[in-house]
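Okay, structure_35.txt is below, compact mmCIF, C-alpha atoms and all ligand atoms:
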```txt
# COMPACT_ATOMS: atom_id res chain seq x y z
CA MET A 1 -91.65 -31.68 6.22
CA ILE A 2 -88.16 -30.38 6.91
CA VAL A 3 -88.30 -26.79 8.08
CA ALA A 4 -85.40 -24.43 7.50
CA SER A 5 -84.72 -20.71 7.66
CA PRO A 6 -82.43 -18.53 5.54
CA LYS A 7 -78.97 -17.56 6.69
CA SER A 8 -78.40 -13.82 6.86
CA ILE A 9 -76.89 -12.16 3.82
CA THR A 10 -74.05 -10.97 6.05
CA GLU A 11 -73.14 -14.55 7.02
CA LEU A 12 -73.54 -15.83 3.49
CA LYS A 13 -71.38 -13.01 2.14
CA LYS A 14 -68.59 -14.00 4.52
CA ILE A 15 -68.88 -17.67 3.53
CA ILE A 16 -68.44 -16.97 -0.19
CA ALA A 17 -66.15 -13.95 0.15
CA ASP A 18 -63.36 -15.60 -1.86
CA HIS A 19 -65.51 -16.58 -4.84
CA LYS A 20 -66.44 -14.50 -7.86
CA LYS A 21 -68.68 -16.91 -9.72
CA VAL A 22 -71.14 -18.93 -7.67
CA LEU A 23 -74.13 -21.18 -8.31
CA PHE A 24 -77.12 -20.72 -5.98
CA VAL A 25 -79.18 -23.92 -5.95
CA GLY A 26 -82.75 -23.95 -4.68
CA CYS A 27 -84.72 -27.07 -3.75
CA GLY A 28 -88.30 -27.48 -4.94
CA THR A 29 -89.58 -29.62 -2.08
CA CYS A 30 -89.68 -28.99 1.72
CA VAL A 31 -87.72 -25.74 1.75
CA THR A 32 -89.87 -24.28 -1.03
CA VAL A 33 -92.97 -24.98 1.03
CA CYS A 34 -91.42 -23.42 4.16
CA LEU A 35 -90.45 -20.34 2.14
CA ALA A 36 -86.72 -20.67 2.83
CA GLY A 37 -84.93 -22.16 -0.16
CA GLY A 38 -87.21 -22.29 -3.20
CA GLU A 39 -86.82 -20.44 -6.48
CA ARG A 40 -88.15 -17.19 -5.04
CA GLU A 41 -85.91 -17.16 -1.96
CA VAL A 42 -82.89 -18.03 -4.08
CA GLY A 43 -83.82 -15.08 -6.32
CA ILE A 44 -84.07 -12.68 -3.39
CA ALA A 45 -80.77 -13.90 -1.89
CA SER A 46 -79.09 -13.51 -5.31
CA TYR A 47 -80.27 -9.91 -5.71
CA ALA A 48 -79.13 -9.06 -2.18
CA MET A 49 -75.75 -10.77 -2.61
CA ARG A 50 -75.00 -9.17 -5.99
CA MET A 51 -75.83 -5.72 -4.63
CA ALA A 52 -73.88 -6.30 -1.40
CA ARG A 53 -70.79 -7.37 -3.32
CA LYS A 54 -71.09 -4.51 -5.79
CA LEU A 55 -71.24 -2.07 -2.88
CA ASP A 56 -68.08 -3.73 -1.52
CA ARG A 57 -66.44 -3.22 -4.94
CA SER A 58 -66.01 -6.95 -5.33
CA PRO A 59 -68.72 -7.93 -7.80
CA ILE A 60 -69.97 -11.48 -7.97
CA GLU A 61 -71.64 -13.41 -10.74
CA ILE A 62 -74.45 -15.65 -9.55
CA ARG A 63 -76.20 -18.37 -11.51
CA GLN A 64 -79.45 -19.71 -10.11
CA VAL A 65 -81.00 -23.13 -10.58
CA THR A 66 -83.78 -24.75 -8.57
CA ILE A 67 -84.09 -28.52 -8.81
CA GLU A 68 -86.99 -30.67 -7.71
CA ARG A 69 -85.16 -32.36 -4.82
CA GLN A 70 -81.57 -31.87 -3.71
CA CYS A 71 -81.53 -35.12 -1.72
CA GLU A 72 -81.76 -37.35 -4.81
CA ASN A 73 -79.00 -37.96 -7.32
CA GLU A 74 -81.58 -38.30 -10.04
CA PHE A 75 -82.28 -34.57 -9.76
CA ILE A 76 -78.79 -33.43 -8.72
CA LYS A 77 -77.38 -34.61 -12.01
CA ASP A 78 -79.18 -31.69 -13.69
CA LEU A 79 -76.65 -29.45 -11.96
CA ALA A 80 -73.65 -30.91 -13.81
CA GLY A 81 -73.75 -28.26 -16.57
CA PRO A 82 -74.10 -25.12 -14.42
CA ALA A 83 -71.73 -26.50 -11.75
CA ALA A 84 -68.95 -26.85 -14.30
CA GLU A 85 -68.95 -23.08 -14.86
CA VAL A 86 -68.65 -21.85 -11.27
CA GLU A 87 -66.08 -21.67 -8.47
CA ALA A 88 -68.50 -22.69 -5.71
CA ILE A 89 -72.07 -23.75 -4.99
CA VAL A 90 -74.42 -22.48 -2.31
CA SER A 91 -77.18 -24.99 -1.65
CA PHE A 92 -80.48 -23.66 -0.36
CA GLY A 93 -81.62 -27.18 0.49
CA CYS A 94 -81.72 -28.74 3.93
CA GLY A 95 -78.49 -30.12 5.39
CA ALA A 96 -79.10 -33.40 3.56
CA GLY A 97 -79.37 -31.58 0.25
CA VAL A 98 -76.14 -29.67 0.81
CA GLN A 99 -74.26 -32.88 1.56
CA ALA A 100 -75.80 -34.79 -1.33
CA ILE A 101 -74.64 -32.08 -3.75
CA ALA A 102 -71.19 -31.97 -2.16
CA GLU A 103 -70.81 -35.73 -2.63
CA ARG A 104 -71.76 -35.44 -6.26
CA PHE A 105 -69.25 -32.64 -6.98
CA PRO A 106 -66.09 -33.56 -5.06
CA ALA A 107 -63.94 -30.83 -6.61
CA ILE A 108 -66.27 -27.87 -5.97
CA PRO A 109 -66.83 -26.21 -2.57
CA VAL A 110 -70.50 -26.54 -1.55
CA TYR A 111 -71.86 -24.29 1.20
CA ALA A 112 -75.16 -24.22 3.11
CA GLY A 113 -77.38 -21.22 2.45
CA LEU A 114 -79.95 -22.20 5.08
CA ASN A 115 -80.11 -23.17 8.72
CA THR A 116 -81.97 -26.47 8.82
CA GLN A 117 -84.28 -26.46 11.81
CA PHE A 118 -86.59 -29.42 12.33
CA LEU A 119 -89.30 -31.81 11.16
CA GLY A 120 -92.52 -29.93 11.55
CA VAL A 121 -95.81 -28.68 10.23
CA LEU A 122 -97.25 -25.45 8.96
CA GLU A 123 -99.53 -24.11 11.72
CA GLU A 124 -100.74 -21.09 9.78
CA GLN A 125 -99.29 -18.97 6.98
CA ALA A 126 -95.59 -18.41 7.79
CA ILE A 127 -95.59 -20.21 11.18
CA TRP A 128 -94.06 -23.69 11.55
CA THR A 129 -93.69 -25.83 14.66
CA GLU A 130 -91.54 -28.83 15.48
CA LYS A 131 -93.36 -32.15 15.84
CA CYS A 132 -90.87 -35.01 15.52
CA LEU A 133 -87.23 -35.65 16.38
CA GLY A 134 -86.98 -38.73 14.20
CA CYS A 135 -86.16 -40.94 17.19
CA GLY A 136 -86.36 -44.12 15.13
CA ASP A 137 -88.82 -45.88 17.46
CA CYS A 138 -92.14 -44.05 17.29
CA MET A 139 -94.23 -44.04 20.45
CA LEU A 140 -97.11 -41.91 19.17
CA ALA A 141 -99.68 -44.71 19.62
CA GLN A 142 -99.13 -44.59 23.36
CA PHE A 143 -99.70 -40.84 23.63
CA GLY A 144 -102.76 -40.23 21.48
CA GLY A 145 -100.65 -39.06 18.56
CA ILE A 146 -98.85 -36.27 20.42
CA CYS A 147 -95.11 -36.68 20.80
CA PRO A 148 -93.75 -35.98 24.28
CA VAL A 149 -90.25 -36.87 23.07
CA THR A 150 -90.27 -33.77 20.87
CA ARG A 151 -92.92 -31.52 22.35
CA CYS A 152 -92.40 -31.86 26.09
CA ALA A 153 -89.41 -29.69 26.96
CA LYS A 154 -88.29 -32.31 29.50
CA ARG A 155 -89.10 -35.31 27.30
CA LEU A 156 -91.19 -36.80 30.09
CA LEU A 157 -92.85 -40.10 29.19
CA ASN A 158 -94.89 -40.71 32.34
CA GLY A 159 -96.99 -37.61 32.85
CA PRO A 160 -96.45 -33.90 33.25
CA CYS A 161 -93.81 -32.20 35.36
CA GLY A 162 -96.49 -30.23 37.18
CA GLY A 163 -95.15 -26.86 36.20
CA SER A 164 -97.51 -26.02 33.38
CA LEU A 165 -99.51 -22.84 33.70
CA GLU A 166 -102.91 -22.55 32.03
CA SER A 167 -101.98 -25.38 29.68
CA ARG A 168 -98.75 -23.71 28.61
CA CYS A 169 -95.30 -25.23 29.13
CA GLU A 170 -93.36 -23.82 32.06
CA VAL A 171 -90.17 -23.77 30.02
CA ASP A 172 -91.64 -21.47 27.37
CA SER A 173 -95.18 -20.14 27.58
CA ASP A 174 -95.13 -19.75 23.80
CA ARG A 175 -95.87 -23.46 23.46
CA PRO A 176 -98.59 -25.70 24.84
CA CYS A 177 -97.78 -28.25 27.55
CA ALA A 178 -97.44 -31.49 25.57
CA TRP A 179 -98.86 -33.44 28.49
CA GLN A 180 -101.95 -31.27 28.62
CA LEU A 181 -102.43 -31.99 24.92
CA ILE A 182 -101.84 -35.72 25.47
CA TYR A 183 -104.40 -35.81 28.29
CA SER A 184 -107.07 -33.94 26.31
CA ARG A 185 -106.50 -36.04 23.24
CA LEU A 186 -106.58 -39.40 25.08
CA LYS A 187 -109.75 -38.24 26.80
CA SER A 188 -111.46 -37.32 23.56
CA ILE A 189 -110.58 -40.65 21.91
CA GLY A 190 -111.59 -42.63 25.01
CA GLN A 191 -108.10 -43.97 25.77
CA LEU A 192 -107.31 -42.34 29.11
CA ASP A 193 -106.48 -45.81 30.47
CA ARG A 194 -103.23 -45.65 28.51
CA LEU A 195 -101.98 -43.26 31.15
CA GLU A 196 -102.09 -46.08 33.73
CA GLU A 197 -99.22 -47.82 32.02
CA ILE A 198 -95.70 -47.08 33.24
CA ILE A 199 -93.44 -46.37 30.27
CA PRO A 200 -89.91 -47.71 30.78
CA PRO A 201 -86.92 -45.55 29.85
CA LYS A 202 -86.87 -45.01 26.11
CA ASP A 203 -84.54 -47.13 24.02
CA TRP A 204 -82.44 -44.46 22.32
CA SER A 205 -80.32 -46.93 20.38
CA HIS A 206 -82.48 -46.32 17.30
CA ALA A 207 -81.94 -42.57 17.51
CA TRP A 208 -79.22 -40.34 16.15
CA TYR A 209 -77.19 -40.46 19.37
CA CYS A 210 -75.36 -43.57 18.17
CA GLY A 211 -74.29 -41.83 14.95
CA ALA A 212 -75.84 -41.33 11.51
CA ARG A 213 -78.42 -43.98 10.71
CA LYS A 214 -79.21 -45.97 7.61
CA VAL A 215 -82.50 -47.39 6.35
CA VAL A 216 -82.37 -50.38 3.98
CA ARG A 217 -85.54 -51.84 2.45
CA LYS A 218 -84.44 -55.03 0.72
CA GLU A 219 -87.81 -55.62 -0.96
CA HIS A 220 -87.42 -52.41 -2.92
CA GLN A 221 -83.77 -52.83 -3.84
CA VAL A 222 -83.03 -53.51 -7.49
CA LYS A 223 -79.54 -54.96 -7.03
CA MET B 8 -88.79 26.15 -4.64
CA MET B 9 -85.75 27.95 -6.09
CA GLN B 10 -83.55 25.64 -4.07
CA LEU B 11 -85.37 22.57 -5.39
CA GLU B 12 -85.05 23.76 -8.98
CA LYS B 13 -81.34 24.38 -8.49
CA GLU B 14 -80.83 20.87 -7.11
CA GLN B 15 -82.83 19.35 -9.90
CA THR B 16 -80.64 21.03 -12.50
CA ALA B 17 -77.64 19.46 -10.81
CA TRP B 18 -79.07 15.95 -10.47
CA THR B 19 -82.57 14.60 -10.53
CA PRO B 20 -82.94 11.40 -8.55
CA GLU B 21 -84.44 8.55 -10.46
CA ILE B 22 -87.40 7.25 -8.46
CA ILE B 23 -89.66 4.34 -9.34
CA ALA B 24 -93.19 4.52 -7.93
CA PHE B 25 -95.06 1.21 -7.94
CA CYS B 26 -98.67 2.44 -7.89
CA CYS B 27 -101.73 0.26 -7.46
CA ASN B 28 -104.44 0.67 -10.04
CA TYR B 29 -107.24 1.73 -7.74
CA CYS B 30 -105.65 4.35 -5.51
CA GLY B 31 -101.97 5.14 -6.11
CA PHE B 32 -102.28 5.30 -9.88
CA ALA B 33 -105.62 7.10 -9.72
CA ALA B 34 -104.15 9.71 -7.35
CA ALA B 35 -101.17 10.18 -9.70
CA ASP B 36 -103.58 10.49 -12.61
CA LEU B 37 -105.61 13.10 -10.75
CA ALA B 38 -102.42 15.00 -9.93
CA GLY B 39 -101.67 15.03 -13.65
CA ILE B 40 -105.17 16.21 -14.60
CA GLN B 41 -104.87 19.01 -12.05
CA ARG B 42 -101.45 19.90 -13.48
CA MET B 43 -99.70 19.52 -10.16
CA GLN B 44 -95.92 19.65 -10.39
CA TYR B 45 -93.56 17.02 -9.06
CA SER B 46 -90.10 15.72 -9.80
CA ALA B 47 -89.44 14.83 -13.42
CA GLY B 48 -87.30 11.91 -12.21
CA LEU B 49 -90.36 9.91 -11.13
CA ARG B 50 -91.30 6.87 -13.17
CA ILE B 51 -94.65 5.29 -12.40
CA VAL B 52 -95.11 1.55 -12.74
CA HIS B 53 -98.80 0.73 -12.93
CA MET B 54 -99.60 -2.35 -10.83
CA PRO B 55 -102.99 -4.11 -10.55
CA CYS B 56 -102.57 -4.03 -6.73
CA THR B 57 -99.62 -3.40 -4.41
CA GLY B 58 -100.11 -7.03 -3.34
CA LYS B 59 -98.72 -7.95 -6.77
CA ILE B 60 -95.39 -6.30 -6.03
CA GLU B 61 -92.91 -9.10 -5.46
CA MET B 62 -89.87 -8.26 -3.36
CA GLU B 63 -87.80 -9.10 -6.43
CA TYR B 64 -89.36 -6.20 -8.38
CA ILE B 65 -88.10 -3.71 -5.83
CA LEU B 66 -84.70 -5.39 -5.53
CA ASP B 67 -84.40 -5.48 -9.30
CA ALA B 68 -85.04 -1.74 -9.51
CA PHE B 69 -82.31 -1.08 -6.96
CA GLU B 70 -79.88 -3.44 -8.65
CA ARG B 71 -80.39 -1.52 -11.89
CA GLY B 72 -79.33 1.61 -10.06
CA VAL B 73 -82.54 3.55 -9.36
CA ASP B 74 -82.03 6.02 -6.53
CA GLY B 75 -85.28 5.41 -4.68
CA VAL B 76 -88.48 3.37 -4.76
CA LEU B 77 -91.91 4.45 -3.61
CA VAL B 78 -94.70 1.90 -3.13
CA VAL B 79 -98.10 3.58 -3.33
CA GLY B 80 -101.13 1.61 -2.19
CA CYS B 81 -104.68 2.26 -1.06
CA LEU B 82 -105.43 3.46 2.46
CA GLU B 83 -105.35 0.61 4.97
CA GLY B 84 -108.79 -0.96 4.99
CA GLY B 85 -109.46 0.41 1.51
CA CYS B 86 -107.63 -2.13 -0.67
CA HIS B 87 -109.73 -3.26 -3.60
CA PHE B 88 -108.44 -6.80 -2.96
CA MET B 89 -108.91 -6.59 0.82
CA GLU B 90 -105.35 -6.95 2.03
CA GLY B 91 -102.97 -6.51 -0.89
CA ASN B 92 -101.62 -3.27 0.60
CA LEU B 93 -101.08 -4.92 4.01
CA ARG B 94 -99.01 -7.65 2.38
CA ALA B 95 -97.13 -5.06 0.36
CA ARG B 96 -96.20 -3.24 3.56
CA LYS B 97 -94.73 -6.40 5.10
CA ARG B 98 -92.78 -7.15 1.93
CA THR B 99 -91.56 -3.56 1.73
CA GLU B 100 -90.38 -3.81 5.34
CA ARG B 101 -88.50 -7.01 4.57
CA VAL B 102 -86.77 -5.33 1.60
CA CYS B 103 -85.92 -2.39 3.88
CA LEU B 104 -84.12 -4.84 6.20
CA ILE B 105 -82.19 -6.25 3.25
CA LEU B 106 -81.24 -2.75 2.05
CA ASP B 107 -79.94 -1.89 5.52
CA GLU B 108 -78.09 -5.18 5.81
CA ILE B 109 -76.24 -4.77 2.51
CA GLY B 110 -75.44 -1.13 3.23
CA LEU B 111 -77.58 0.58 0.58
CA GLY B 112 -79.88 1.98 3.26
CA SER B 113 -83.61 1.57 3.79
CA GLU B 114 -84.24 5.31 3.48
CA ARG B 115 -84.31 4.85 -0.28
CA LEU B 116 -87.49 2.76 -0.05
CA LYS B 117 -90.82 3.87 1.31
CA MET B 118 -94.40 2.68 1.22
CA VAL B 119 -97.26 5.17 1.49
CA ASN B 120 -101.04 4.86 1.43
CA VAL B 121 -103.36 7.25 -0.40
CA SER B 122 -106.91 7.19 -1.69
CA ASP B 123 -107.74 7.86 -5.34
CA ALA B 124 -108.72 11.44 -4.43
CA MET B 125 -105.52 12.27 -2.57
CA ALA B 126 -103.55 13.86 -5.41
CA PRO B 127 -101.93 16.59 -3.24
CA GLU B 128 -100.78 13.95 -0.72
CA PHE B 129 -99.41 11.82 -3.55
CA VAL B 130 -97.35 14.77 -4.78
CA GLN B 131 -96.18 15.48 -1.25
CA HIS B 132 -95.02 11.86 -0.78
CA VAL B 133 -93.15 12.04 -4.06
CA GLN B 134 -91.41 15.28 -3.12
CA GLU B 135 -90.53 13.85 0.30
CA ILE B 136 -88.76 10.81 -1.10
CA VAL B 137 -87.11 13.00 -3.73
CA SER B 138 -85.66 15.24 -1.03
CA THR B 139 -84.60 12.25 1.15
CA VAL B 140 -82.85 10.62 -1.79
CA THR B 141 -81.36 13.91 -2.98
CA ALA B 142 -79.75 14.29 0.44
CA LEU B 143 -78.39 10.72 0.25
CA GLY B 144 -76.96 11.24 -3.25
CA PRO B 145 -77.10 8.96 -6.28
CA SER B 146 -77.34 5.21 -5.71
CA PRO B 147 -73.87 3.69 -5.46
CA LEU B 148 -75.26 0.85 -7.59
CA LYS B 149 -75.85 3.11 -10.57
CA PRO B 150 -74.08 1.73 -13.64
CA SER B 151 -70.79 3.64 -13.87
CA GLU B 152 -71.39 5.01 -17.40
CA ASN B 153 -74.37 6.94 -16.04
CA LYS B 154 -72.49 8.43 -13.13
CA GLU B 155 -71.14 11.41 -15.02
CA SER B 156 -74.49 12.34 -16.46
CA ALA B 157 -75.95 11.84 -12.99
CA GLY B 158 -73.58 14.48 -11.73
CA GLU B 159 -71.45 12.22 -9.52
CA SER B 160 -67.80 13.17 -9.47
S1 LIG C 301 -91.88 -40.74 19.13
FE1 LIG C 301 -90.04 -40.44 17.90
S2 LIG C 301 -90.65 -40.87 15.77
FE2 LIG C 301 -92.53 -40.64 16.98
S3 LIG C 301 -93.08 -38.48 16.68
FE3 LIG C 301 -91.85 -38.58 18.56
S4 LIG C 301 -89.73 -38.24 17.91
FE4 LIG C 301 -90.94 -38.67 16.08
S1 LIG C 302 -94.93 -27.97 31.33
FE1 LIG C 302 -95.65 -29.74 30.14
S2 LIG C 302 -94.46 -29.64 28.19
FE2 LIG C 302 -93.46 -28.26 29.63
S3 LIG C 302 -91.86 -29.52 30.55
FE3 LIG C 302 -93.67 -29.70 31.91
S4 LIG C 302 -94.79 -31.48 31.19
FE4 LIG C 302 -93.30 -30.96 29.59
```
As structure tokens, please, write out the structure in this file.
Ligand code: SF4
Ligand code: SF4
Amino acid sequence: MIVASPKSITELKKIIADHKKVLFVGCGTCVTVCLAGGEREVGIASYAMRMARKLDRSPIEIRQVTIERQCENEFIKDLAGPAAEVEAIVSFGCGAGVQAIAERFPAIPVYAGLNTQFLGVLEEQAIWTEKCLGCGDCMLAQFGGICPVTRCAKRLLNGPCGGSLESRCEVDSDRPCAWQLIYSRLKSIGQLDRLEEIIPPKDWSHAWYCGARKVVRKEHQVK
Amino acid sequence: MMQLEKEQTAWTPEIIAFCCNYCGFAAADLAGIQRMQYSAGLRIVHMPCTGKIEMEYILDAFERGVDGVLVVGCLEGGCHFMEGNLRARKRTERVCLILDEIGLGSERLKMVNVSDAMAPEFVQHVQEIVSTVTALGPSPLKPSENKESAGES
């Protein structure tokens, strides 16, 4: 899922300082699960913002709506009514959600309420870790299902750097050495021979570095 | 005591105490049975467990202009639902951060732990937050029509 974290109230207050009537929009999918931009977080941010602005003697009126997914027009259209009554929108979706809403309402300022972080998983309650960069050319089969592109700090594709200490990465001991994980995993699934193969430099042309990408699946298109 | 009475005549802070059923509320109940005296500005909200206290409940109380909030749970390790009071403490701490960030001040919010037999301690915690909040003055978020009756000039 997409993992995000809330912007501080101080930053958000500065972003919407000029507006007196604002719509806070939550998203019911990834950012609800990562406790950043669902109905509850939007509620907390609204309370904090209303109180902050009242203390500044510049009260603000906030409407709150949480839609199922901000990255689909089908759901965004539910915002048409509430959006017509406000000066600005703060989207508590990921960056894609913010932009999808902005495209749908060209005449209304739309701001991001979250900092979108990464594609990751929930490790335990309230802890998420990054697992995939979305490189567009997945190499997981080669590495026993552990992504060195994302999880090795040096993105090494042909074995470890040699700096790991007790299985932790030398760049940050808070995370495991991806290559230690790859080795253990390949060993346990009986595929250590994969490590014999020399991996050529990765083809990054499928990745973001060439600009925003597009996926078209003709077989599912209706027109 | 005289001093406290004098201050209370001038302005009694409005404090909400979210009390869990098994300890906080029982201690408050015992304090009542024993006719212990504490601030008349305290309003008790009876919760099944402090773990049920959403951050929004506390924020809502402050937005409505209460002067202080006390969260009263069981002693750590003594929660009837194992860890409701531990979760409540983390949530209370998060709300404290928000109160500091927006400039209302985290001193107006406090979580304490008591057992059902600790009526004197309950009263002491109440009087402590009353005196902290009295020193801070009425909440600046109090609806303006109440300000005069609250003694704010
Ligand atoms: S190889 Fe690319 S697509 Fe596969 S997990 Fe790693 S970053 Fe994601
Ligand atoms: S210690 Fe492991 S994860 Fe860290 S940079 Fe070296 S090989 Fe990559």
Item checked: Interatomic distance, atom CA of A:Arg53 to atom CA of A:Thr66 (Å, one decimal) -> 22.3 Å
Checklist line | Long-range neighbours of B:Arg42 as a PyMOL selection string, 12 Å cut-off, all atoms listed in the file, 4 positions minimum in chain | finding: chain B and resi 35-38+126-127+130
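For A:Val121, the set of protein, DNA and RNA residues having any atom at most 9 Å away, when counting all atoms listed in the file and skipping those fewer than 6 positions along the same chain, is A:Met1, A:Ile2, A:Val3, A:Ile127, A:Trp128, A:Thr129, A:Glu130, A:Lys131.
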Checklist line | For B:Ala34: contacts at 7 Å, only C-alpha atoms, fewer than 6 positions along chain excluded, given as a list in words | finding: Ser122, Asp123, Ala124, Met125, Ala126 and Phe129 of chain B
Next item on the list: For B:Met118, work out the shell of residues within 7 Å, counting all atoms listed in the file and skipping chain neighbours fewer than 5 positions away, then give it as a VMD selection string.
Entry: chain B and resid 77 to 79 96 99
